[in-house]
>>> print(open('entry.pdb').read())   # PDB, C-alpha atoms, pLDDT in the B column
ATOM      1  CA  MET A   1     -20.003 -24.557   4.711  1.00 76.00           C
ATOM      2  CA  ALA A   2     -17.941 -27.254   6.393  1.00 83.00           C
ATOM      3  CA  ARG A   3     -15.197 -26.941   3.807  1.00 83.00           C
ATOM      4  CA  PHE A   4     -15.201 -23.153   4.247  1.00 83.00           C
ATOM      5  CA  LEU A   5     -14.923 -23.457   8.025  1.00 87.00           C
ATOM      6  CA  ILE A   6     -12.144 -26.043   7.885  1.00 90.00           C
ATOM      7  CA  ARG A   7     -10.098 -24.287   5.208  1.00 86.00           C
ATOM      8  CA  GLY A   8     -10.635 -20.831   6.678  1.00 84.00           C
ATOM      9  CA  THR A   9      -9.662 -21.897  10.190  1.00 87.00           C
ATOM     10  CA  LEU A  10      -6.688 -23.831   8.874  1.00 90.00           C
ATOM     11  CA  ALA A  11      -5.480 -20.886   6.768  1.00 86.00           C
ATOM     12  CA  ILE A  12      -5.756 -18.468   9.687  1.00 83.00           C
ATOM     13  CA  CYS A  13      -3.966 -20.854  12.075  1.00 88.00           C
ATOM     14  CA  ILE A  14      -1.162 -21.539   9.611  1.00 90.00           C
ATOM     15  CA  ALA A  15      -0.687 -17.860   8.780  1.00 83.00           C
ATOM     16  CA  LEU A  16      -0.611 -16.817  12.412  1.00 80.00           C
ATOM     17  CA  SER A  17       1.714 -19.626  13.495  1.00 86.00           C
ATOM     18  CA  LEU A  18       4.122 -19.063  10.604  1.00 85.00           C
ATOM     19  CA  GLY A  19       4.047 -15.318  11.178  1.00 79.00           C
ATOM     20  CA  ALA A  20       4.647 -15.717  14.902  1.00 80.00           C
ATOM     21  CA  GLY A  21       7.426 -18.224  14.224  1.00 82.00           C
ATOM     22  CA  VAL A  22       9.188 -15.865  11.840  1.00 80.00           C
ATOM     23  CA  VAL A  23       8.861 -12.913  14.214  1.00 78.00           C
ATOM     24  CA  TRP A  24      10.101 -15.014  17.155  1.00 81.00           C
ATOM     25  CA  SER A  25      13.025 -16.648  15.325  1.00 83.00           C
ATOM     26  CA  VAL A  26      14.277 -13.586  13.472  1.00 81.00           C
ATOM     27  CA  GLY A  27      13.420 -11.143  16.215  1.00 75.00           C
ATOM     28  CA  LEU A  28      11.871  -8.533  13.991  1.00 68.00           C
ATOM     29  CA  PRO A  29      11.337  -5.245  15.792  1.00 63.00           C
ATOM     30  CA  GLY A  30       8.190  -3.280  15.287  1.00 67.00           C
ATOM     31  CA  PHE A  31       4.508  -3.478  15.848  1.00 76.00           C
ATOM     32  CA  ILE A  32       2.356  -6.075  14.129  1.00 78.00           C
ATOM     33  CA  ASP A  33      -1.397  -5.562  14.472  1.00 81.00           C
ATOM     34  CA  VAL A  34      -2.766  -9.083  14.986  1.00 81.00           C
ATOM     35  CA  TRP A  35      -6.388  -7.909  15.123  1.00 88.00           C
ATOM     36  CA  GLY A  36      -5.925  -6.033  11.865  1.00 87.00           C
ATOM     37  CA  ILE A  37      -4.508  -9.183  10.282  1.00 86.00           C
ATOM     38  CA  LEU A  38      -7.465 -11.251  11.522  1.00 87.00           C
ATOM     39  CA  PHE A  39      -9.900  -8.594  10.276  1.00 92.00           C
ATOM     40  CA  ALA A  40      -8.276  -8.549   6.837  1.00 91.00           C
ATOM     41  CA  MET A  41      -8.303 -12.353   6.705  1.00 89.00           C
ATOM     42  CA  GLY A  42     -11.976 -12.399   7.674  1.00 90.00           C
ATOM     43  CA  LEU A  43     -12.786  -9.960   4.887  1.00 93.00           C
ATOM     44  CA  ALA A  44     -10.728 -12.094   2.499  1.00 91.00           C
ATOM     45  CA  LEU A  45     -12.683 -15.195   3.547  1.00 90.00           C
ATOM     46  CA  CYS A  46     -16.010 -13.408   2.969  1.00 92.00           C
ATOM     47  CA  THR A  47     -14.838 -12.238  -0.435  1.00 92.00           C
ATOM     48  CA  GLY A  48     -13.602 -15.736  -1.242  1.00 89.00           C
ATOM     49  CA  VAL A  49     -16.967 -17.270  -0.417  1.00 91.00           C
ATOM     50  CA  ALA A  50     -18.802 -14.680  -2.507  1.00 93.00           C
ATOM     51  CA  VAL A  51     -16.493 -15.098  -5.494  1.00 89.00           C
ATOM     52  CA  GLY A  52     -16.703 -18.886  -5.080  1.00 88.00           C
ATOM     53  CA  ILE A  53     -20.498 -18.786  -5.271  1.00 90.00           C
ATOM     54  CA  LEU A  54     -20.314 -16.542  -8.339  1.00 89.00           C
ATOM     55  CA  ASN A  55     -17.726 -18.859  -9.932  1.00 86.00           C
ATOM     56  CA  CYS A  56     -20.019 -21.854  -9.386  1.00 85.00           C
ATOM     57  CA  ALA A  57     -22.715 -20.059 -11.329  1.00 86.00           C
ATOM     58  CA  PHE A  58     -20.335 -18.944 -14.081  1.00 86.00           C
ATOM     59  CA  PHE A  59     -18.850 -22.442 -14.440  1.00 82.00           C
ATOM     60  CA  ALA A  60     -22.349 -23.799 -15.014  1.00 79.00           C
ATOM     61  CA  ILE A  61     -23.292 -21.062 -17.498  1.00 81.00           C
ATOM     62  CA  PHE A  62     -19.994 -20.447 -19.334  1.00 80.00           C
ATOM     63  CA  PRO A  63     -17.740 -23.493 -19.821  1.00 75.00           C
ATOM     64  CA  VAL A  64     -14.700 -21.327 -20.707  1.00 76.00           C
ATOM     65  CA  TRP A  65     -14.926 -19.372 -17.466  1.00 73.00           C
ATOM     66  CA  SER A  66     -12.286 -21.578 -15.836  1.00 71.00           C
ATOM     67  CA  VAL A  67      -9.687 -20.338 -18.329  1.00 71.00           C
ATOM     68  CA  THR A  68     -10.612 -16.675 -18.127  1.00 71.00           C
ATOM     69  CA  SER A  69     -10.925 -16.595 -14.347  1.00 70.00           C
ATOM     70  CA  ARG A  70      -7.242 -17.479 -13.989  1.00 70.00           C
ATOM     71  CA  LEU A  71      -6.355 -14.149 -15.597  1.00 71.00           C
ATOM     72  CA  LEU A  72      -8.252 -12.243 -12.915  1.00 69.00           C
ATOM     73  CA  PHE A  73      -5.575 -13.244 -10.382  1.00 70.00           C
ATOM     74  CA  LEU A  74      -3.235 -10.708 -11.950  1.00 70.00           C
ATOM     75  CA  ALA A  75      -5.648  -7.886 -11.134  1.00 69.00           C
ATOM     76  CA  SER A  76      -5.843  -8.803  -7.442  1.00 73.00           C
ATOM     77  CA  GLY A  77      -2.750  -6.880  -6.365  1.00 70.00           C
ATOM     78  CA  VAL A  78      -0.885  -9.828  -4.866  1.00 72.00           C
ATOM     79  CA  LEU A  79       2.079  -9.619  -7.214  1.00 76.00           C
ATOM     80  CA  PHE A  80       2.487  -5.833  -7.285  1.00 76.00           C
ATOM     81  CA  LEU A  81       1.868  -2.717  -5.232  1.00 77.00           C
ATOM     82  CA  PRO A  82      -1.050  -0.722  -6.626  1.00 76.00           C
ATOM     83  CA  ARG A  83       0.556   2.615  -5.766  1.00 77.00           C
ATOM     84  CA  ASP A  84       3.386   1.844  -8.208  1.00 80.00           C
ATOM     85  CA  LEU A  85       0.982   1.775 -11.151  1.00 80.00           C
ATOM     86  CA  PRO A  86      -0.199   4.725 -13.260  1.00 83.00           C
ATOM     87  CA  SER A  87      -3.129   6.699 -11.884  1.00 83.00           C
ATOM     88  CA  ASN A  88      -5.575   5.628 -14.614  1.00 85.00           C
ATOM     89  CA  ILE A  89      -5.008   1.956 -13.699  1.00 81.00           C
ATOM     90  CA  GLN A  90      -5.282   2.773  -9.986  1.00 81.00           C
ATOM     91  CA  ILE A  91      -8.771   4.132 -10.622  1.00 83.00           C
ATOM     92  CA  LEU A  92      -9.788   0.792 -12.131  1.00 82.00           C
ATOM     93  CA  LEU A  93      -8.190  -1.180  -9.299  1.00 80.00           C
ATOM     94  CA  ASP A  94     -10.179   0.816  -6.773  1.00 82.00           C
ATOM     95  CA  TRP A  95     -13.187  -1.362  -7.686  1.00 86.00           C
ATOM     96  CA  ASN A  96     -11.391  -4.615  -6.812  1.00 85.00           C
ATOM     97  CA  PRO A  97     -12.263  -5.657  -3.228  1.00 88.00           C
ATOM     98  CA  LEU A  98      -9.091  -7.727  -2.836  1.00 86.00           C
ATOM     99  CA  ILE A  99      -6.960  -4.609  -3.302  1.00 87.00           C
ATOM    100  CA  HIS A 100      -8.639  -3.171  -0.206  1.00 89.00           C
ATOM    101  CA  VAL A 101      -8.146  -6.391   1.758  1.00 90.00           C
ATOM    102  CA  LEU A 102      -4.470  -6.564   0.847  1.00 86.00           C
ATOM    103  CA  SER A 103      -4.004  -2.905   1.782  1.00 86.00           C
ATOM    104  CA  LEU A 104      -5.501  -3.616   5.199  1.00 89.00           C
ATOM    105  CA  LEU A 105      -3.221  -6.629   5.594  1.00 87.00           C
ATOM    106  CA  ARG A 106      -0.107  -4.750   4.496  1.00 85.00           C
ATOM    107  CA  GLU A 107      -0.935  -1.905   6.867  1.00 86.00           C
ATOM    108  CA  SER A 108      -1.208  -4.383   9.752  1.00 85.00           C
ATOM    109  CA  LEU A 109       2.088  -6.066   8.879  1.00 81.00           C
ATOM    110  CA  TYR A 110       4.318  -3.176   7.841  1.00 80.00           C
ATOM    111  CA  HIS A 111       4.591  -0.221  10.163  1.00 76.00           C
ATOM    112  CA  GLY A 112       4.549   2.990   8.147  1.00 78.00           C
ATOM    113  CA  TYR A 113       2.750   1.541   5.108  1.00 77.00           C
ATOM    114  CA  ALA A 114       0.310   4.138   3.831  1.00 76.00           C
ATOM    115  CA  PRO A 115      -2.481   2.322   2.003  1.00 76.00           C
ATOM    116  CA  LEU A 116      -4.168   3.948  -0.959  1.00 72.00           C
ATOM    117  CA  TYR A 117      -7.151   1.640  -0.762  1.00 75.00           C
ATOM    118  CA  GLN A 118      -8.832   0.913   2.518  1.00 82.00           C
ATOM    119  CA  ALA A 119     -12.586   0.534   2.577  1.00 87.00           C
ATOM    120  CA  PRO A 120     -13.796  -2.442   4.650  1.00 90.00           C
ATOM    121  CA  PHE A 121     -17.424  -1.452   4.111  1.00 94.00           C
ATOM    122  CA  PHE A 122     -16.915  -1.599   0.335  1.00 94.00           C
ATOM    123  CA  VAL A 123     -15.395  -5.084   0.651  1.00 94.00           C
ATOM    124  CA  ALA A 124     -18.277  -6.355   2.803  1.00 95.00           C
ATOM    125  CA  LEU A 125     -20.901  -4.785   0.561  1.00 96.00           C
ATOM    126  CA  SER A 126     -19.325  -6.072  -2.653  1.00 95.00           C
ATOM    127  CA  SER A 127     -19.045  -9.564  -1.118  1.00 95.00           C
ATOM    128  CA  LEU A 128     -22.721  -9.481  -0.235  1.00 96.00           C
ATOM    129  CA  ILE A 129     -23.671  -8.274  -3.715  1.00 96.00           C
ATOM    130  CA  LEU A 130     -21.483 -10.876  -5.468  1.00 94.00           C
ATOM    131  CA  ALA A 131     -22.883 -13.695  -3.332  1.00 94.00           C
ATOM    132  CA  THR A 132     -26.450 -12.543  -4.027  1.00 96.00           C
ATOM    133  CA  ILE A 133     -25.828 -12.373  -7.774  1.00 94.00           C
ATOM    134  CA  GLY A 134     -24.154 -15.790  -7.705  1.00 92.00           C
ATOM    135  CA  LEU A 135     -27.039 -17.392  -5.805  1.00 91.00           C
ATOM    136  CA  ALA A 136     -29.572 -15.786  -8.144  1.00 92.00           C
ATOM    137  CA  LEU A 137     -27.688 -17.090 -11.199  1.00 90.00           C
ATOM    138  CA  ILE A 138     -27.486 -20.572  -9.702  1.00 86.00           C
ATOM    139  CA  VAL A 139     -31.222 -20.599  -9.037  1.00 84.00           C
ATOM    140  CA  LEU A 140     -32.006 -19.256 -12.521  1.00 85.00           C
ATOM    141  CA  PHE A 141     -29.573 -21.215 -14.696  1.00 79.00           C
ATOM    142  CA  HIS A 142     -28.435 -24.345 -12.908  1.00 69.00           C
ATOM    143  CA  PRO A 143     -30.331 -27.440 -14.104  1.00 68.00           C
ATOM    144  CA  LEU A 144     -31.031 -28.905 -10.663  1.00 65.00           C
ATOM    145  CA  PRO A 145     -32.913 -25.901  -9.240  1.00 60.00           C
ATOM    146  CA  GLN A 146     -34.924 -25.628 -12.479  1.00 61.00           C
ATOM    147  CA  ALA A 147     -35.941 -29.287 -12.213  1.00 62.00           C
ATOM    148  CA  ALA A 148     -36.880 -28.818  -8.583  1.00 63.00           C
ATOM    149  CA  ARG A 149     -38.852 -25.710  -9.500  1.00 62.00           C
ATOM    150  CA  ARG A 150     -40.751 -27.661 -12.198  1.00 67.00           C
ATOM    151  CA  ARG A 151     -41.609 -30.396  -9.698  1.00 66.00           C
ATOM    152  CA  MET A 152     -42.880 -27.824  -7.221  1.00 61.00           C
ATOM    153  CA  SER A 153     -45.160 -26.154  -9.757  1.00 61.00           C
ATOM    154  CA  LEU A 154     -46.920 -29.417 -10.652  1.00 52.00           C
TER
END
>>> encode(input="entry.pdb", output="structure tokens")
Amino acid sequence: MARFLIRGTLAICIALSLGAGVVWSVGLPGFIDVWGILFAMGLALCTGVAVGILNCAFFAIFPVWSVTSRLLFLASGVLFLPRDLPSNIQILLDWNPLIHVLSLLRESLYHGYAPLYQAPFFVALSSLILATIGLALIVLFHPLPQAARRRMSL
């Protein structure tokens, strides 16, 4: 939790200070929704914690997960705009919570951006579900909780 708080606060402070510095130095006209940016970053932090918990469980269960999880970065929508993809791929990307977070962030940064994906409730719910599944897998499959469970049953 301490690492999450430190890294999350640091990431938000750096992003806001760099963004404010760029806007101030370049003098970009337009409206930037700071509260929308903070909301999107908060949703991203919640999703990051949930995926981190799930990754901890998968690393313990599947040793090759570290290699395959790197490929999932490509499906997050950071390197491309989802609306530029074919419609059958857009339907699949609709289930990725980070696509929704990035759409919220892009809408807050770029005036006139019309997001295809914007469901904060879906992001919060999927983060809660992923964290619950990750914690359940850690309790079921990680060796330390099993040993503690055996000691408790004696």
>>> closest_residue(input="entry.pdb", among="A:Asp94, A:Ile138, A:Leu125, A:Leu45", to="Met1 (chain A)", atoms="all atoms listed in the file")
A:Leu45
>>> residues_around(input="entry.pdb", residues="Ile32 (chain A)", least_positions_apart="6", cutoff="8 Å", atoms="all atoms listed in the file", output="ChimeraX atom specification")
/A:108-111
>>> closest_atom_pairs(input="entry.pdb", of="region 36-81 of chain A", to="region 14-19 of chain A", cutoff="10 Å", atoms="only C-alpha atoms", output="tab-separated table")
residue	atom	partner	partner_atom	distance
A:Ile37	CA	A:Leu16	CA	8.8
A:Leu38	CA	A:Leu16	CA	8.9
A:Met41	CA	A:Ala15	CA	9.6
>>> atom_distance(input="entry.pdb", atom1="CA of Leu92 (chain A)", atom2="CA of Gly42 (chain A)")
23.9 Å
>>> residues_around(input="entry.pdb", residues="Ile53 (chain A)", least_positions_apart="4", cutoff="8 Å", atoms="all atoms listed in the file", output="list in words")
Val49, Ala57, Leu130, Ala131, Gly134 and Leu135 of chain A
>>> write_last_selection(input="entry.pdb", atoms="C-alpha atoms", output="PDB file, in the coordinates of the input")
ATOM      1  CA  VAL A  49     -16.967 -17.270  -0.417  1.00 91.00           C
ATOM      2  CA  ALA A  57     -22.715 -20.059 -11.329  1.00 86.00           C
ATOM      3  CA  LEU A 130     -21.483 -10.876  -5.468  1.00 94.00           C
ATOM      4  CA  ALA A 131     -22.883 -13.695  -3.332  1.00 94.00           C
ATOM      5  CA  GLY A 134     -24.154 -15.790  -7.705  1.00 92.00           C
ATOM      6  CA  LEU A 135     -27.039 -17.392  -5.805  1.00 91.00           C
TER       7      LEU A 135
END
>>> atom_distance(input="entry.pdb", atom1="CA of Gln90 (chain A)", atom2="CA of Gln118 (chain A)")
13.1 Å
>>> resolve_selection(input="entry.pdb", expression="the PyMOL selection byres ((chain A and resi 68-74) around 12)", output="MDAnalysis selection string")
chainID A and resid 51:52 54:56 58:59 62:67 75:82 93 96 98:99
>>> closest_residue(input="entry.pdb", among="A:Phe4, A:Phe141, A:Tyr113, A:Phe39", to="Val101 (chain A)", atoms="only C-alpha atoms")
A:Phe39
>>> atom_distance(input="entry.pdb", atom1="CA of Gly48 (chain A)", atom2="CA of Ser126 (chain A)")
11.3 Å
